[in-house]
>>> print(open('structure.pdb').read())   # PDB, C-alpha atoms, pLDDT in the B column
ATOM      1  CA  MET Q 189      20.955 114.721  14.214  1.00 55.00           C
ATOM      2  CA  GLY Q 190      18.918 112.010  12.456  1.00 61.00           C
ATOM      3  CA  MET Q 191      21.096 112.037   9.339  1.00 73.00           C
ATOM      4  CA  SER Q 192      24.301 112.011  11.391  1.00 72.00           C
ATOM      5  CA  TYR Q 193      23.027 109.015  13.328  1.00 69.00           C
ATOM      6  CA  MET Q 194      22.113 107.156  10.141  1.00 77.00           C
ATOM      7  CA  ILE Q 195      25.614 107.761   8.772  1.00 82.00           C
ATOM      8  CA  LEU Q 196      27.159 106.576  12.042  1.00 77.00           C
ATOM      9  CA  ILE Q 197      25.036 103.420  12.195  1.00 79.00           C
ATOM     10  CA  GLY Q 198      25.686 102.737   8.518  1.00 85.00           C
ATOM     11  CA  ALA Q 199      29.442 103.018   9.051  1.00 86.00           C
ATOM     12  CA  ILE Q 200      29.316 100.721  12.089  1.00 85.00           C
ATOM     13  CA  MET Q 201      27.191  98.164  10.242  1.00 88.00           C
ATOM     14  CA  LEU Q 202      29.617  98.217   7.304  1.00 92.00           C
ATOM     15  CA  MET Q 203      32.572  97.805   9.652  1.00 90.00           C
ATOM     16  CA  SER Q 204      30.812  94.975  11.474  1.00 89.00           C
ATOM     17  CA  TRP Q 205      30.048  93.201   8.201  1.00 93.00           C
ATOM     18  CA  PHE Q 206      33.654  93.552   7.051  1.00 93.00           C
ATOM     19  CA  VAL Q 207      35.135  92.242  10.300  1.00 93.00           C
ATOM     20  CA  SER Q 208      32.657  89.336  10.453  1.00 90.00           C
ATOM     21  CA  SER Q 209      33.364  88.421   6.836  1.00 92.00           C
ATOM     22  CA  GLN Q 210      37.097  88.519   7.423  1.00 92.00           C
ATOM     23  CA  LEU Q 211      36.764  86.442  10.584  1.00 90.00           C
ATOM     24  CA  LYS Q 212      34.716  83.787   8.790  1.00 90.00           C
ATOM     25  CA  SER Q 213      37.176  83.727   5.907  1.00 93.00           C
ATOM     26  CA  LYS Q 214      40.185  83.445   8.228  1.00 92.00           C
ATOM     27  CA  PHE Q 215      38.723  80.592  10.239  1.00 90.00           C
ATOM     28  CA  GLU Q 216      37.711  78.703   7.110  1.00 91.00           C
ATOM     29  CA  PHE Q 217      41.238  79.096   5.757  1.00 94.00           C
ATOM     30  CA  TYR Q 218      43.025  78.115   8.962  1.00 95.00           C
ATOM     31  CA  SER Q 219      40.633  75.201   9.489  1.00 92.00           C
ATOM     32  CA  LYS Q 220      42.372  73.609   6.509  1.00 94.00           C
ATOM     33  CA  LEU Q 221      45.803  74.017   8.124  1.00 95.00           C
ATOM     34  CA  GLN Q 222      46.210  70.699   9.901  1.00 96.00           C
ATOM     35  CA  LEU Q 223      48.399  70.533  13.008  1.00 96.00           C
ATOM     36  CA  GLN Q 224      51.606  68.581  12.749  1.00 96.00           C
ATOM     37  CA  ASN Q 225      51.299  67.532  16.390  1.00 96.00           C
ATOM     38  CA  GLY Q 226      47.968  65.841  15.559  1.00 94.00           C
ATOM     39  CA  MET Q 227      46.259  67.087  18.740  1.00 96.00           C
ATOM     40  CA  SER Q 228      42.527  67.754  18.829  1.00 96.00           C
ATOM     41  CA  GLY Q 229      40.916  70.800  20.413  1.00 96.00           C
ATOM     42  CA  LYS Q 230      39.968  68.705  23.439  1.00 97.00           C
ATOM     43  CA  GLU Q 231      43.530  67.461  23.887  1.00 97.00           C
ATOM     44  CA  ILE Q 232      44.994  70.943  23.533  1.00 98.00           C
ATOM     45  CA  ALA Q 233      42.537  72.277  26.105  1.00 98.00           C
ATOM     46  CA  GLU Q 234      43.359  69.581  28.625  1.00 97.00           C
ATOM     47  CA  LYS Q 235      47.099  70.171  28.221  1.00 98.00           C
ATOM     48  CA  MET Q 236      46.831  73.956  28.560  1.00 98.00           C
ATOM     49  CA  LEU Q 237      44.723  73.621  31.693  1.00 98.00           C
ATOM     50  CA  ALA Q 238      47.141  71.103  33.198  1.00 98.00           C
ATOM     51  CA  ASP Q 239      50.162  73.233  32.326  1.00 97.00           C
ATOM     52  CA  ASN Q 240      48.543  76.075  34.268  1.00 97.00           C
ATOM     53  CA  GLY Q 241      47.805  73.859  37.261  1.00 97.00           C
ATOM     54  CA  ILE Q 242      44.059  73.810  36.619  1.00 97.00           C
ATOM     55  CA  TYR Q 243      42.451  70.437  37.297  1.00 97.00           C
ATOM     56  CA  ASP Q 244      38.904  71.384  38.325  1.00 96.00           C
ATOM     57  CA  VAL Q 245      37.751  72.576  34.882  1.00 97.00           C
ATOM     58  CA  LYS Q 246      36.034  70.156  32.505  1.00 97.00           C
ATOM     59  CA  VAL Q 247      36.352  70.298  28.716  1.00 97.00           C
ATOM     60  CA  ILE Q 248      33.053  69.430  27.053  1.00 97.00           C
ATOM     61  CA  SER Q 249      31.575  69.445  23.558  1.00 96.00           C
ATOM     62  CA  VAL Q 250      28.530  71.594  22.762  1.00 95.00           C
ATOM     63  CA  GLU Q 251      26.322  71.779  19.679  1.00 93.00           C
ATOM     64  CA  GLY Q 252      26.389  74.555  17.115  1.00 87.00           C
ATOM     65  CA  GLN Q 253      28.943  76.781  15.433  1.00 81.00           C
ATOM     66  CA  LEU Q 254      30.808  79.600  17.195  1.00 80.00           C
ATOM     67  CA  THR Q 255      29.309  78.386  20.479  1.00 91.00           C
ATOM     68  CA  ASP Q 256      32.716  78.069  22.141  1.00 95.00           C
ATOM     69  CA  HIS Q 257      32.917  79.691  25.568  1.00 95.00           C
ATOM     70  CA  TYR Q 258      34.190  79.332  29.102  1.00 96.00           C
ATOM     71  CA  ASN Q 259      31.566  79.139  31.833  1.00 93.00           C
ATOM     72  CA  PRO Q 260      32.960  80.343  35.178  1.00 92.00           C
ATOM     73  CA  ALA Q 261      29.775  79.301  36.995  1.00 90.00           C
ATOM     74  CA  ASN Q 262      30.344  75.571  36.509  1.00 94.00           C
ATOM     75  CA  LYS Q 263      34.010  75.731  35.431  1.00 96.00           C
ATOM     76  CA  THR Q 264      33.650  74.240  31.968  1.00 97.00           C
ATOM     77  CA  VAL Q 265      35.449  74.960  28.713  1.00 98.00           C
ATOM     78  CA  ASN Q 266      32.700  74.493  26.150  1.00 97.00           C
ATOM     79  CA  LEU Q 267      33.941  73.748  22.642  1.00 97.00           C
ATOM     80  CA  SER Q 268      31.764  73.458  19.556  1.00 95.00           C
ATOM     81  CA  GLU Q 269      31.799  70.028  17.973  1.00 90.00           C
ATOM     82  CA  ALA Q 270      34.115  71.126  15.145  1.00 87.00           C
ATOM     83  CA  VAL Q 271      36.672  72.668  17.515  1.00 95.00           C
ATOM     84  CA  TYR Q 272      36.429  69.845  20.063  1.00 96.00           C
ATOM     85  CA  ASN Q 273      37.294  67.147  17.537  1.00 94.00           C
ATOM     86  CA  GLN Q 274      39.333  68.954  14.899  1.00 94.00           C
ATOM     87  CA  ARG Q 275      43.115  69.125  14.673  1.00 95.00           C
ATOM     88  CA  ASN Q 276      43.828  72.378  12.857  1.00 96.00           C
ATOM     89  CA  ALA Q 277      45.183  75.867  13.538  1.00 96.00           C
ATOM     90  CA  ALA Q 278      41.739  77.451  13.875  1.00 95.00           C
ATOM     91  CA  ALA Q 279      40.641  74.866  16.444  1.00 96.00           C
ATOM     92  CA  ALA Q 280      43.886  75.339  18.366  1.00 97.00           C
ATOM     93  CA  ALA Q 281      43.352  79.113  18.458  1.00 97.00           C
ATOM     94  CA  VAL Q 282      39.768  78.881  19.711  1.00 97.00           C
ATOM     95  CA  THR Q 283      40.606  76.205  22.270  1.00 97.00           C
ATOM     96  CA  ALA Q 284      43.577  78.076  23.717  1.00 98.00           C
ATOM     97  CA  HIS Q 285      41.578  81.318  23.863  1.00 98.00           C
ATOM     98  CA  GLU Q 286      38.745  79.726  25.865  1.00 98.00           C
ATOM     99  CA  CYS Q 287      41.275  78.098  28.167  1.00 98.00           C
ATOM    100  CA  GLY Q 288      42.780  81.571  28.534  1.00 98.00           C
ATOM    101  CA  HIS Q 289      39.532  82.572  30.218  1.00 98.00           C
ATOM    102  CA  ALA Q 290      39.833  79.591  32.558  1.00 97.00           C
ATOM    103  CA  VAL Q 291      43.328  80.761  33.484  1.00 98.00           C
ATOM    104  CA  GLN Q 292      41.986  84.264  34.103  1.00 98.00           C
ATOM    105  CA  HIS Q 293      39.355  82.799  36.426  1.00 97.00           C
ATOM    106  CA  ALA Q 294      41.903  80.709  38.310  1.00 97.00           C
ATOM    107  CA  LYS Q 295      44.170  83.712  38.787  1.00 96.00           C
ATOM    108  CA  ALA Q 296      41.284  86.055  39.739  1.00 96.00           C
ATOM    109  CA  TYR Q 297      41.955  88.376  36.818  1.00 97.00           C
ATOM    110  CA  GLY Q 298      40.369  91.697  37.791  1.00 96.00           C
ATOM    111  CA  TRP Q 299      38.678  92.564  34.508  1.00 96.00           C
ATOM    112  CA  LEU Q 300      37.066  89.108  34.307  1.00 95.00           C
ATOM    113  CA  GLU Q 301      35.770  89.373  37.858  1.00 94.00           C
ATOM    114  CA  MET Q 302      34.318  92.789  37.114  1.00 95.00           C
ATOM    115  CA  ARG Q 303      32.702  91.488  33.933  1.00 94.00           C
ATOM    116  CA  SER Q 304      31.247  88.463  35.709  1.00 92.00           C
ATOM    117  CA  SER Q 305      29.740  90.666  38.412  1.00 91.00           C
ATOM    118  CA  LEU Q 306      27.922  92.659  35.729  1.00 92.00           C
ATOM    119  CA  VAL Q 307      26.477  89.660  33.888  1.00 91.00           C
ATOM    120  CA  PRO Q 308      23.240  89.376  35.958  1.00 91.00           C
ATOM    121  CA  ILE Q 309      22.622  93.127  35.623  1.00 90.00           C
ATOM    122  CA  VAL Q 310      23.281  93.142  31.887  1.00 93.00           C
ATOM    123  CA  ASN Q 311      21.071  90.108  31.319  1.00 91.00           C
ATOM    124  CA  VAL Q 312      18.125  91.881  32.934  1.00 90.00           C
ATOM    125  CA  ALA Q 313      18.958  95.196  31.275  1.00 90.00           C
ATOM    126  CA  SER Q 314      19.146  93.637  27.813  1.00 89.00           C
ATOM    127  CA  SER Q 315      15.666  92.176  28.218  1.00 90.00           C
ATOM    128  CA  TYR Q 316      13.932  95.471  28.967  1.00 91.00           C
ATOM    129  CA  VAL Q 317      16.113  98.371  27.849  1.00 92.00           C
ATOM    130  CA  GLN Q 318      14.766  98.657  24.285  1.00 90.00           C
ATOM    131  CA  TRP Q 319      11.167  98.822  25.523  1.00 94.00           C
ATOM    132  CA  ILE Q 320      12.057 101.427  28.141  1.00 93.00           C
ATOM    133  CA  LEU Q 321      13.917 103.524  25.548  1.00 92.00           C
ATOM    134  CA  LEU Q 322      11.006 103.297  23.104  1.00 92.00           C
ATOM    135  CA  ALA Q 323       8.531 104.332  25.788  1.00 92.00           C
ATOM    136  CA  GLY Q 324      10.889 107.098  26.853  1.00 90.00           C
ATOM    137  CA  ILE Q 325      11.077 108.474  23.305  1.00 87.00           C
ATOM    138  CA  LEU Q 326       7.295 108.414  22.916  1.00 88.00           C
ATOM    139  CA  MET Q 327       6.806 110.135  26.285  1.00 89.00           C
ATOM    140  CA  ILE Q 328       9.767 112.524  26.093  1.00 81.00           C
ATOM    141  CA  ARG Q 329       7.571 115.616  26.510  1.00 82.00           C
ATOM    142  CA  THR Q 330       5.404 114.341  29.352  1.00 84.00           C
ATOM    143  CA  PHE Q 331       7.800 112.048  31.201  1.00 88.00           C
ATOM    144  CA  PRO Q 332      11.408 112.781  30.148  1.00 85.00           C
ATOM    145  CA  ALA Q 333      12.783 110.894  33.150  1.00 90.00           C
ATOM    146  CA  LEU Q 334      11.740 107.607  31.553  1.00 93.00           C
ATOM    147  CA  LEU Q 335      14.135 108.101  28.640  1.00 93.00           C
ATOM    148  CA  LEU Q 336      16.855 109.054  31.104  1.00 94.00           C
ATOM    149  CA  ILE Q 337      16.259 105.788  32.970  1.00 95.00           C
ATOM    150  CA  GLY Q 338      16.568 103.916  29.691  1.00 95.00           C
ATOM    151  CA  ILE Q 339      19.821 105.721  28.928  1.00 95.00           C
ATOM    152  CA  VAL Q 340      21.287 104.793  32.317  1.00 95.00           C
ATOM    153  CA  ILE Q 341      20.331 101.142  31.797  1.00 95.00           C
ATOM    154  CA  PHE Q 342      21.755 101.138  28.269  1.00 96.00           C
ATOM    155  CA  ALA Q 343      24.948 102.725  29.610  1.00 95.00           C
ATOM    156  CA  ALA Q 344      25.411  99.613  31.763  1.00 94.00           C
ATOM    157  CA  THR Q 345      25.384  97.424  28.652  1.00 95.00           C
ATOM    158  CA  THR Q 346      27.852  99.780  26.959  1.00 96.00           C
ATOM    159  CA  LEU Q 347      30.146  99.608  29.977  1.00 96.00           C
ATOM    160  CA  PHE Q 348      29.911  95.829  29.817  1.00 96.00           C
ATOM    161  CA  ALA Q 349      30.963  95.877  26.151  1.00 96.00           C
ATOM    162  CA  PHE Q 350      34.068  97.922  26.953  1.00 97.00           C
ATOM    163  CA  ILE Q 351      34.993  95.829  29.994  1.00 97.00           C
ATOM    164  CA  THR Q 352      34.790  92.803  27.712  1.00 97.00           C
ATOM    165  CA  LEU Q 353      37.632  94.162  25.542  1.00 97.00           C
ATOM    166  CA  PRO Q 354      40.555  93.681  27.978  1.00 98.00           C
ATOM    167  CA  VAL Q 355      39.087  90.315  29.007  1.00 98.00           C
ATOM    168  CA  GLU Q 356      39.066  89.032  25.424  1.00 97.00           C
ATOM    169  CA  TYR Q 357      42.434  90.492  24.434  1.00 97.00           C
ATOM    170  CA  ASP Q 358      44.092  89.148  27.571  1.00 98.00           C
ATOM    171  CA  ALA Q 359      42.645  85.664  26.968  1.00 98.00           C
ATOM    172  CA  SER Q 360      44.101  85.699  23.452  1.00 97.00           C
ATOM    173  CA  ASN Q 361      47.474  86.910  24.725  1.00 97.00           C
ATOM    174  CA  ARG Q 362      47.563  84.109  27.299  1.00 98.00           C
ATOM    175  CA  ALA Q 363      46.604  81.603  24.609  1.00 98.00           C
ATOM    176  CA  LEU Q 364      49.283  82.733  22.188  1.00 98.00           C
ATOM    177  CA  ALA Q 365      51.948  82.907  24.901  1.00 97.00           C
ATOM    178  CA  TRP Q 366      51.205  79.320  25.916  1.00 98.00           C
ATOM    179  CA  LEU Q 367      51.059  78.024  22.344  1.00 97.00           C
ATOM    180  CA  LYS Q 368      54.419  79.633  21.618  1.00 97.00           C
ATOM    181  CA  GLY Q 369      56.070  78.897  24.942  1.00 96.00           C
ATOM    182  CA  LYS Q 370      55.210  75.200  24.800  1.00 96.00           C
ATOM    183  CA  ASN Q 371      56.068  74.915  21.095  1.00 96.00           C
ATOM    184  CA  MET Q 372      52.622  73.538  20.401  1.00 97.00           C
ATOM    185  CA  LEU Q 373      52.515  74.810  16.833  1.00 96.00           C
ATOM    186  CA  THR Q 374      54.839  75.242  13.905  1.00 96.00           C
ATOM    187  CA  SER Q 375      55.618  78.820  12.842  1.00 96.00           C
ATOM    188  CA  SER Q 376      52.978  78.795  10.094  1.00 96.00           C
ATOM    189  CA  GLU Q 377      50.366  77.247  12.400  1.00 97.00           C
ATOM    190  CA  TYR Q 378      51.141  79.820  15.078  1.00 97.00           C
ATOM    191  CA  SER Q 379      50.854  82.693  12.593  1.00 96.00           C
ATOM    192  CA  GLY Q 380      47.453  81.354  11.546  1.00 95.00           C
ATOM    193  CA  ALA Q 381      46.230  81.073  15.131  1.00 96.00           C
ATOM    194  CA  GLU Q 382      47.467  84.576  15.901  1.00 97.00           C
ATOM    195  CA  ASP Q 383      45.775  86.041  12.832  1.00 96.00           C
ATOM    196  CA  ALA Q 384      42.473  84.293  13.589  1.00 95.00           C
ATOM    197  CA  LEU Q 385      42.425  85.532  17.178  1.00 96.00           C
ATOM    198  CA  LYS Q 386      43.161  89.105  16.114  1.00 96.00           C
ATOM    199  CA  TRP Q 387      40.110  89.148  13.862  1.00 95.00           C
ATOM    200  CA  ALA Q 388      37.979  87.524  16.550  1.00 94.00           C
ATOM    201  CA  ALA Q 389      38.974  90.273  18.998  1.00 95.00           C
ATOM    202  CA  ARG Q 390      38.028  92.960  16.497  1.00 95.00           C
ATOM    203  CA  THR Q 391      34.410  91.818  16.568  1.00 94.00           C
ATOM    204  CA  TYR Q 392      34.279  92.900  20.216  1.00 95.00           C
ATOM    205  CA  VAL Q 393      35.808  96.269  19.330  1.00 95.00           C
ATOM    206  CA  VAL Q 394      33.139  96.888  16.693  1.00 94.00           C
ATOM    207  CA  ALA Q 395      30.397  95.860  19.127  1.00 93.00           C
ATOM    208  CA  ALA Q 396      31.708  98.247  21.790  1.00 95.00           C
ATOM    209  CA  ILE Q 397      31.938 101.149  19.320  1.00 93.00           C
ATOM    210  CA  GLY Q 398      28.426 100.426  18.092  1.00 91.00           C
ATOM    211  CA  SER Q 399      27.062 100.400  21.619  1.00 93.00           C
ATOM    212  CA  LEU Q 400      28.801 103.685  22.443  1.00 93.00           C
ATOM    213  CA  GLY Q 401      27.497 105.322  19.269  1.00 89.00           C
ATOM    214  CA  THR Q 402      23.942 104.279  20.082  1.00 90.00           C
ATOM    215  CA  LEU Q 403      24.294 105.509  23.665  1.00 93.00           C
ATOM    216  CA  LEU Q 404      25.494 108.943  22.495  1.00 89.00           C
ATOM    217  CA  TYR Q 405      22.557 109.149  20.098  1.00 87.00           C
ATOM    218  CA  TYR Q 406      20.049 108.589  22.919  1.00 90.00           C
ATOM    219  CA  VAL Q 407      21.842 111.149  25.079  1.00 91.00           C
ATOM    220  CA  MET Q 408      21.673 113.743  22.286  1.00 87.00           C
ATOM    221  CA  MET Q 409      18.005 112.921  21.740  1.00 86.00           C
ATOM    222  CA  TYR Q 410      17.277 113.399  25.426  1.00 88.00           C
ATOM    223  CA  ASN Q 411      19.097 116.736  25.559  1.00 86.00           C
ATOM    224  CA  SER Q 412      17.458 118.093  22.413  1.00 80.00           C
ATOM    225  CA  ARG Q 413      13.853 116.979  22.928  1.00 71.00           C
ATOM    226  CA  ARG Q 414      13.481 117.902  26.547  1.00 58.00           C
ATOM    227  CA  ASN Q 415      14.444 121.505  25.829  1.00 57.00           C
TER     228      ASN Q 415
END
>>> encode(input="structure.pdb", output="structure tokens")
Amino acid sequence: MGMSYMILIGAIMLMSWFVSSQLKSKFEFYSKLQLQNGMSGKEIAEKMLADNGIYDVKVISVEGQLTDHYNPANKTVNLSEAVYNQRNAAAAAVTAHECGHAVQHAKAYGWLEMRSSLVPIVNVASSYVQWILLAGILMIRTFPALLLIGIVIFAATTLFAFITLPVEYDASNRALAWLKGKNMLTSSEYSGAEDALKWAARTYVVAAIGSLGTLLYYVMMYNSRRN
């Protein structure tokens, strides 16, 4: 079981590295593809929100790289400094995707609501689950229920990872549909945005698979060591 797990984790790590490398490469490439419409990420965000009848969401700039996100708690589209100010295909893709989440929120998209309801639970679970699992492994003979508790908690984080998939893919689909429907980009710019978002979505797929693989390993460990 140990060797099988090592092979599984190795394969997932390799896949994660490949997807991350491709994503970085794609965004660097499409960051050099300047938009003919000359609009910045901030301007694109404001237009997409307005076109969807959303006027209570603010577009703000945040520090760091890859820090772009939509915050449903305070209704803000948070764009990294590069995306907020830049006028290229990569910035357009990221901006439209994050605004896609704002549209989901405004339309009460079911998967987003489910994901949001799990956030507090997952935040707490992520802080303690590794310690509980470690203690459960060490005490598997004397207190097997502890490992089972850890598995149940970890299962919540795995569920969260899979619920995230339709949320992210739908946000990208909304973004691309708007970019195309409003003729925001040229054909080459649109192809670049579409390609970038596809690779971004794949990072969530790899994360979900990795979480599921780890969960199955703990389940197998529990079943084998308690017998």
>>> residues_near_point(input="structure.pdb", point="(39.0, 75.5, 24.5)", cutoff="10 Å", atoms="all atoms listed in the file", output="PyMOL selection string")
chain Q and resi 229-234+236-237+247-249+256-258+264-268+271-272+279-290+363
>>> closest_residue(input="structure.pdb", among="Q:Val310, Q:Leu211, Q:Leu326, Q:Ala333", to="Q:Ala384", atoms="all atoms listed in the file")
Q:Leu211
>>> residues_around(input="structure.pdb", residues="stretch 397-405 of chain Q", least_positions_apart="6", cutoff="10 Å", atoms="all atoms listed in the file", output="list of chain:residue names")
Q:Met189, Q:Gly190, Q:Ser192, Q:Tyr193, Q:Leu196, Q:Ile197, Q:Ala199, Q:Ile200, Q:Met201, Q:Met203, Q:Ser204, Q:Gly338, Q:Ile339, Q:Val340, Q:Phe342, Q:Ala343, Q:Thr345, Q:Thr346, Q:Leu347, Q:Phe348, Q:Ala349, Q:Phe350, Q:Asn411
>>> residues_around(input="structure.pdb", residues="Q:Arg413", least_positions_apart="4", cutoff="10 Å", atoms="all atoms listed in the file", output="PyMOL selection string")
chain Q and resi 325+328-329+332+408-409
>>> axis_aligned_box(input="structure.pdb", around="stretch 394-412 of chain Q", padding_each_side="6 Å", output="lines of an AutoDock Vina configuration file")
center_x = 25.2
center_y = 107.0
center_z = 21.1
size_x = 27.9
size_y = 34.2
size_z = 20.9
>>> resolve_selection(input="structure.pdb", expression="the PyMOL selection byres ((chain Q and resi 219) around 8)", output="PDB file with C-alpha atoms, keeping the file's coordinate frame")
ATOM      1  CA  PHE Q 215      38.723  80.592  10.239  1.00 90.00           C
ATOM      2  CA  GLU Q 216      37.711  78.703   7.110  1.00 91.00           C
ATOM      3  CA  PHE Q 217      41.238  79.096   5.757  1.00 94.00           C
ATOM      4  CA  TYR Q 218      43.025  78.115   8.962  1.00 95.00           C
ATOM      5  CA  LYS Q 220      42.372  73.609   6.509  1.00 94.00           C
ATOM      6  CA  LEU Q 221      45.803  74.017   8.124  1.00 95.00           C
ATOM      7  CA  GLN Q 222      46.210  70.699   9.901  1.00 96.00           C
ATOM      8  CA  ASN Q 276      43.828  72.378  12.857  1.00 96.00           C
ATOM      9  CA  ALA Q 277      45.183  75.867  13.538  1.00 96.00           C
ATOM     10  CA  ALA Q 278      41.739  77.451  13.875  1.00 95.00           C
ATOM     11  CA  ALA Q 279      40.641  74.866  16.444  1.00 96.00           C
TER      12      ALA Q 279
END
>>> resolve_selection(input="structure.pdb", expression="the PyMOL selection byres ((chain Q and resi 371-377) around 8)", output="PyMOL selection string")
chain Q and resi 221+223-225+277+367-370+378-381
>>> closest_residue(input="structure.pdb", among="Q:Tyr406, Q:Tyr357, Q:Tyr243, Q:Trp366", to="Q:Ala388", atoms="all atoms listed in the file")
Q:Tyr357
>>> residues_around(input="structure.pdb", residues="Q:Arg303", least_positions_apart="3", cutoff="7 Å", atoms="only C-alpha atoms", output="ChimeraX atom specification")
/Q:299-300,306-307,348,351-352
>>> write_last_selection(input="structure.pdb", atoms="C-alpha atoms", output="PDB file, in the coordinates of the input")
ATOM      1  CA  TRP Q 299      38.678  92.564  34.508  1.00 96.00           C
ATOM      2  CA  LEU Q 300      37.066  89.108  34.307  1.00 95.00           C
ATOM      3  CA  LEU Q 306      27.922  92.659  35.729  1.00 92.00           C
ATOM      4  CA  VAL Q 307      26.477  89.660  33.888  1.00 91.00           C
ATOM      5  CA  PHE Q 348      29.911  95.829  29.817  1.00 96.00           C
ATOM      6  CA  ILE Q 351      34.993  95.829  29.994  1.00 97.00           C
ATOM      7  CA  THR Q 352      34.790  92.803  27.712  1.00 97.00           C
TER       8      THR Q 352
END
>>> atom_distance(input="structure.pdb", atom1="atom CA of Q:Thr391", atom2="atom CA of Q:Gln274")
23.4 Å
>>> closest_residue(input="structure.pdb", among="Q:Asn240, Q:Trp387, Q:Ser315, Q:Ala344", to="Q:Lys212", atoms="all atoms listed in the file")
Q:Trp387
>>> atom_distance(input="structure.pdb", atom1="atom CA of Q:Glu382", atom2="atom CA of Q:Ser213")
14.4 Å
>>> atom_distance(input="structure.pdb", atom1="atom CA of Q:Lys246", atom2="atom CA of Q:Ala261")
12.0 Å
>>> resolve_selection(input="structure.pdb", expression="the PyMOL selection byres ((chain Q and resi 321) around 8)", output="list in words")
Val317, Gln318, Trp319, Ile320, Leu322, Ala323, Gly324, Ile325, Leu334, Leu335, Gly338 and Ile339 of chain Q
>>> write_last_selection(input="structure.pdb", atoms="C-alpha atoms", output="PDB file, in the frame of the given file")
ATOM      1  CA  VAL Q 317      16.113  98.371  27.849  1.00 92.00           C
ATOM      2  CA  GLN Q 318      14.766  98.657  24.285  1.00 90.00           C
ATOM      3  CA  TRP Q 319      11.167  98.822  25.523  1.00 94.00           C
ATOM      4  CA  ILE Q 320      12.057 101.427  28.141  1.00 93.00           C
ATOM      5  CA  LEU Q 322      11.006 103.297  23.104  1.00 92.00           C
ATOM      6  CA  ALA Q 323       8.531 104.332  25.788  1.00 92.00           C
ATOM      7  CA  GLY Q 324      10.889 107.098  26.853  1.00 90.00           C
ATOM      8  CA  ILE Q 325      11.077 108.474  23.305  1.00 87.00           C
ATOM      9  CA  LEU Q 334      11.740 107.607  31.553  1.00 93.00           C
ATOM     10  CA  LEU Q 335      14.135 108.101  28.640  1.00 93.00           C
ATOM     11  CA  GLY Q 338      16.568 103.916  29.691  1.00 95.00           C
ATOM     12  CA  ILE Q 339      19.821 105.721  28.928  1.00 95.00           C
TER      13      ILE Q 339
END
